[in-house]
Each structure stands twice: as structure tokens, then as C-alpha cells.
Amino acid sequence: MPDRAAGALTLVIGGARAGKSAHAESLVTACPPPWSYIATAQAYDDEMRQRIALHRSRRGAGWTTIDAPLDLAGAIGALPDGQPVLIDCLTLWLTNHMLADHDVEAECRRLADVLSRPRGPWFVVSNEVGQGIVPDNALARRFRDAAGRLNQDVAAVAGTVLLMVAGLPLKVK
């Protein structure tokens, strides 16, 4: 299904609790270790700490976790050539930048540029947030629009795009 060769980018996208992360983990572990997991989540409350702990508990030996809530492009750039990596997830990373009042467009361009030149089998998880109703506030609309543009930019440079629906991967590209 996805290309696991060096220099291949796969985007795994879907709705909340669609099985994106678990599926992406299985794709990465089909590659030879060691594997890197670049995490963008920040534990602001107990519920988020539990989610992070669940994700960590699914990963066994062979994984190195790199926390990159803001400098995702820098963390990706520091990876050794050829190493399989899972980046989870773009929408949390985008949220972090929006909450920090950073230049979201510039950060997204920087990230898309790095992702356009994969140096290994790279797997990126993101949420599809544009299939619901139009949000009722400006911040939520800004987030939805920025996430949609970011997902389009990453999908454009990805060799494979998988849409997760109810735990099932559908190949889009």
C-alpha cells in the first residue's frame, strides 16, 4: 500500500478516533528499526496526559520519541537519513502555533518544504476537520481553514495518502 522506501512520504488522514495513529504505527513498524516518533502533543491537562500515555504504551522497543510541539521542521531535519519516522500529528502542531500566536502561514510553508524532501520512509498523521458544519466562531474557522490548507500542501508532496474511516485505510493517492 504505502511506499516504505527511503525518500517516501505517506499522509494518514481522517477524523477523530478513526484509527490514524495505530495504523501509522503499524506502517512504520513494517520498516526495519530503529523508528522515530515525533510527538506534537502538549499535556495541558489530565485527559491529554492520559492520551499521550496511551500512545506511548502502544510503542515498544525500537522507538525513540522526540517531542516537537513547535519546531517540527527542525526535529524532522535532525533525523538521520533513511530512518523510518512517524509524525503525530499535524493538527496538534498547528494548534500549538495558533495558541502561541505565531505566523501560522510561515510555519506551515516551512514544514511543507521539509516534508517535500523525505530522507526516509516518513509517515505523517493529520486530522480531516473540514467535513463538518462551518464553525460558529472566528478562531475555529481560522483553524479549520489553516488545517485544510496544510493538509492539501502535505498531500500534494506525499507519494501516498491514506484516508482512515472506522479503522479502515482507504488509499486516496
# chains A, B, ... in the order shown; residues from 1 in each chain; ligands from 1
call {"tool": "residues_around", "arguments": {"residues": "Gln42 (chain A)", "least_positions_apart": "5", "cutoff": "10 Å", "atoms": "only C-alpha atoms", "output": "list in words"}}
result
Met48, Arg49, Ile52, Asp67, Ala68, Pro69, Leu70, Leu92, Trp93 and Asn96 of chain A
call {"tool": "closest_atom_pairs", "arguments": {"of": "region 140-164 of chain A", "to": "region 20-31 of chain A", "cutoff": "10 Å", "atoms": "only C-alpha atoms", "output": "Markdown table"}}
result
| residue | atom | partner | partner_atom | distance |
| --- | --- | --- | --- | --- |
| A:Leu162 | CA | A:Lys20 | CA | 9.0 |
| A:Leu163 | CA | A:Lys20 | CA | 8.3 |
| A:Met164 | CA | A:Lys20 | CA | 6.0 |
call {"tool": "atom_distance", "arguments": {"atom1": "CA of Ala39 (chain A)", "atom2": "CA of Asp88 (chain A)"}}
result
5.3 Å
call {"tool": "residues_around", "arguments": {"residues": "Ala53 (chain A)", "least_positions_apart": "6", "cutoff": "12 Å", "atoms": "only C-alpha atoms", "output": "list in words"}}
result
Ala39, Ala41, Gln42, Ala43, Asp46, Glu47 and Arg59 of chain A
call {"tool": "write_last_selection", "arguments": {"atoms": "N, CA, C and O atoms", "output": "PDB file, in the first residue's frame"}}
result
ATOM      1  N   ALA A  39       6.403  13.543  18.381  1.00  0.00           N
ATOM      2  CA  ALA A  39       5.136  13.866  19.023  1.00  0.00           C
ATOM      3  C   ALA A  39       4.949  15.383  19.092  1.00  0.00           C
ATOM      4  O   ALA A  39       5.868  16.108  19.473  1.00  0.00           O
ATOM      5  N   ALA A  41       2.003  16.682  20.626  1.00  0.00           N
ATOM      6  CA  ALA A  41       1.037  16.967  21.695  1.00  0.00           C
ATOM      7  C   ALA A  41       1.719  17.611  22.896  1.00  0.00           C
ATOM      8  O   ALA A  41       2.891  17.348  23.180  1.00  0.00           O
ATOM      9  N   GLN A  42       0.956  18.428  23.573  1.00  0.00           N
ATOM     10  CA  GLN A  42       1.381  19.004  24.843  1.00  0.00           C
ATOM     11  C   GLN A  42       0.345  18.614  25.901  1.00  0.00           C
ATOM     12  O   GLN A  42      -0.852  18.689  25.646  1.00  0.00           O
ATOM     13  N   ALA A  43       0.813  18.211  27.047  1.00  0.00           N
ATOM     14  CA  ALA A  43      -0.068  17.724  28.113  1.00  0.00           C
ATOM     15  C   ALA A  43      -0.510  18.877  29.005  1.00  0.00           C
ATOM     16  O   ALA A  43       0.061  19.108  30.067  1.00  0.00           O
ATOM     17  N   ASP A  46      -5.121  16.578  32.567  1.00  0.00           N
ATOM     18  CA  ASP A  46      -5.053  15.142  32.857  1.00  0.00           C
ATOM     19  C   ASP A  46      -5.530  14.291  31.686  1.00  0.00           C
ATOM     20  O   ASP A  46      -4.942  13.246  31.395  1.00  0.00           O
ATOM     21  N   GLU A  47      -6.572  14.725  31.023  1.00  0.00           N
ATOM     22  CA  GLU A  47      -7.109  13.944  29.906  1.00  0.00           C
ATOM     23  C   GLU A  47      -6.065  13.812  28.798  1.00  0.00           C
ATOM     24  O   GLU A  47      -5.864  12.735  28.242  1.00  0.00           O
ATOM     25  N   ARG A  59       3.699   1.697  21.892  1.00  0.00           N
ATOM     26  CA  ARG A  59       5.009   1.573  21.255  1.00  0.00           C
ATOM     27  C   ARG A  59       5.948   0.798  22.173  1.00  0.00           C
ATOM     28  O   ARG A  59       6.071   1.090  23.344  1.00  0.00           O
TER      29      ARG A  59
END
call {"tool": "closest_residue", "arguments": {"among": "A:Asp45, A:Asp136, A:Asp81, A:Glu107", "to": "Arg119 (chain A)", "atoms": "only C-alpha atoms"}}
result
A:Asp81
